[in-house]
Amino acid sequence: MPISAEFCEKSIKPLSDSGSYTLSTDNPYLTDAERSTIKNALAANGLPTDKFYLSRLNQDLDGGMYRTDMQMFRFQGGLAGDFNALGRHFNWSLRGQYSKYMSDTWQPMINTQNLINALNSTRDASGNIVCAPGYQNSPAATRSETCAPFNPFGTDQLTLGAKNYIISNAHYKNSNAQRDFQAEINSTVMKLPAGDIRWDLGYEHRREGYTFNPGGFFAGEELADGSRRQYGNVTAMPYTSGSYYTHEAFGELDVPLVSPAMNVPGVYSLSATANGRYIHNSITGSYWTYMFGGAWWPTQDFGLSGNYAQSVRNPSVTELFSPQSTSYEAADDPCDAAYLHSGPNPTVRALNCAKAGVPSGFVSNITNGTVKGTTGGNRGLQNETSHSYTGSLEFRPHFIRGFDLKGSFVDVKVNNEITSLSAENLIQACYDSSSYPSNAYCNTFTRDSSTHQITGFTDGYFNIANQHMQVLQGALTYVLPLRRVGLSDNAGTLALNGNYTHYLKNAQTYLGNTYYQTGATGSPNDLFTLNLNYTRGPLSVQWQTIFYGKSQYAVQVSKTAYEHNDRPSFAYFNATFGYEITKNFDANFMINNITNALPKYPGAVSVTRYYEALIGRSFQLNLGAHF
């Protein structure tokens, strides 16, 4: 690969060499012409001519490759019974479960010490290119202990010997264990004209634990002072484990107020329900959750229901205990000249950057490249809390047997939401705050006092966001045995099931900014699924229609930000043919995306949402055994 003078003039600048190879201009893999070009470019930029920096993708060194083996097992069981006492009939149950998920990941990693040795090449007395003498192998084992010179220029230049000398086979393991025990008893309180008031009381104990074993390579080399030095370009990660447990007491009460047999005008059925749960969490403390609701059916064909609830979500073991690991991130530095007068309050941002001593016209390296930092779990996380309202209308006409149509409005507000914040989020939160520099987010990154460049950061999970969602939901069910239309009893059954979702609002607010959570291709505001099923004995057939409403490539951007930002609605169809061969064996044949539909501008849509469409028409055969 010839190296041009123009390339060197544009690429060789007095910047940090983070992430780049430092190479000698005497490298034997350079031709005389290339060496001369590089030295001239260095001299023209006022730099020493004995070394230069080279950035490369490292795909030939298996960059980005990994393999994960996963195992999961679960044991569960229980006892149930009933008895009579105090003139009442009681039902009781005991249930227990233990499950464990384990993963073992193998990943080829560049061993920095051996890479340096292989790059430091020279010619021996016979003119052969060899590793320069005096090298010392890394304490971490690689595939080969014999140093072989590495030619970093161009493609297909890497020898197997050099690759095996540079690469360490790293392993790390994760495990997540869950234990759950629940005891429950229920009976009646008293009998009302509409029926029995029923109660349910119970106790539950949960424990969840997480363990991360970094293995020898990722753990790094232990030094005399007890600290650890990384073997590769990833921060040494400690063995990490953690767990939490809960003790929970819960109760539920169902009260029938009016029954159909009472013949009350305007009230075919009326009922109320309430439940509550008291939880003590070993990490986040004690708290209550509860729900109050009711249902009123004016006639047997039409009903209304609703509830109000307070819920809590504990931090997951991943959010709490994930190990601190290396993260390379770019960010729009708010003190960079390009972003100084942006943000929710440009005046505050500019004032705070001036307080930090950042000069006007400053150009930040993290804006144009990446900076090395760390990311991981946060053991100081607290619970998320939510308050929700749900109201539903249901139409179940007695004159159309098997038909049910339900529409619901759901309003959910989440406070203290756990959010994964990036380096950019944290830096901007610091300088956009009126409490700078005492803002806690200012302690999550470092800025060099002389160059003013961002030199490091620690990001991860924080209790910082609020979210508000309002959504309309519709559900349709219709079951029609074909004997109702005059066919024989064994003609089979048709069933229609549909679900529709329309987001009125779904916005997350944190650090003074509001971000829409729906409307992009990954989460359209309108979603519809319709399944038409036919069953006859052991045979089953399904036709599925999936519809996504209009969306945008990016939300909350100007109309001129992207060409073709608005995306049209999209639909595709799947079919499944199933047959129960015996009581214990069945087979299913699936055709996904029957019409081979493709969304408009397929290269710029959510792969997760449009996966089946992007891979085109596909076929799948499943064989099942059940014992």
# chains A, B, ... in the order shown; residues from 1 in each chain; ligands from 1

$ select_by_dssp --residues "region 220-404 of chain A" --states "helix (DSSP H, G or I)" --output "ChimeraX atom specification"
/A:260-262,317-321,346-355,365-368

$ atom_distance --atom1 "CA of Gly380 (chain A)" --atom2 "CA of Ile279 (chain A)"
18.5 Å

$ residues_around --residues "Gly232 (chain A)" --least-positions-apart "5" --cutoff "9 Å" --atoms "only C-alpha atoms" --output "ChimeraX atom specification"
/A:109-113,217-218,220

$ write_last_selection --atoms "N, CA and C atoms" --output "mmCIF file, in the first residue's frame"
data_model
loop_
_atom_site.group_PDB
_atom_site.id
_atom_site.type_symbol
_atom_site.label_atom_id
_atom_site.label_comp_id
_atom_site.auth_asym_id
_atom_site.auth_seq_id
_atom_site.Cartn_x
_atom_site.Cartn_y
_atom_site.Cartn_z
ATOM 1 N N MET A 109 -8.166 -11.540 22.306
ATOM 2 C CA MET A 109 -7.807 -10.186 22.695
ATOM 3 C C MET A 109 -6.347 -9.904 22.337
ATOM 4 N N ILE A 110 -6.089 -8.685 21.895
ATOM 5 C CA ILE A 110 -4.721 -8.264 21.600
ATOM 6 C C ILE A 110 -3.955 -8.094 22.906
ATOM 7 N N ASN A 111 -2.843 -8.775 23.020
ATOM 8 C CA ASN A 111 -1.974 -8.650 24.179
ATOM 9 C C ASN A 111 -0.993 -7.507 23.905
ATOM 10 N N THR A 112 -1.136 -6.416 24.651
ATOM 11 C CA THR A 112 -0.407 -5.189 24.336
ATOM 12 C C THR A 112 1.112 -5.384 24.335
ATOM 13 N N GLN A 113 1.637 -6.053 25.349
ATOM 14 C CA GLN A 113 3.084 -6.227 25.434
ATOM 15 C C GLN A 113 3.617 -7.003 24.227
ATOM 16 N N PHE A 217 -6.955 -13.043 31.895
ATOM 17 C CA PHE A 217 -6.568 -11.929 31.027
ATOM 18 C C PHE A 217 -7.240 -10.638 31.450
ATOM 19 N N PHE A 218 -8.551 -10.663 31.624
ATOM 20 C CA PHE A 218 -9.272 -9.435 31.951
ATOM 21 C C PHE A 218 -9.002 -8.986 33.386
ATOM 22 N N GLY A 220 -6.077 -8.902 34.718
ATOM 23 C CA GLY A 220 -4.841 -8.133 34.654
ATOM 24 C C GLY A 220 -3.762 -8.673 35.558
#

$ closest_residue --among "A:Met102, A:Arg179, A:Arg88, A:Val541" --to "Gln76 (chain A)" --atoms "only C-alpha atoms"
A:Arg179
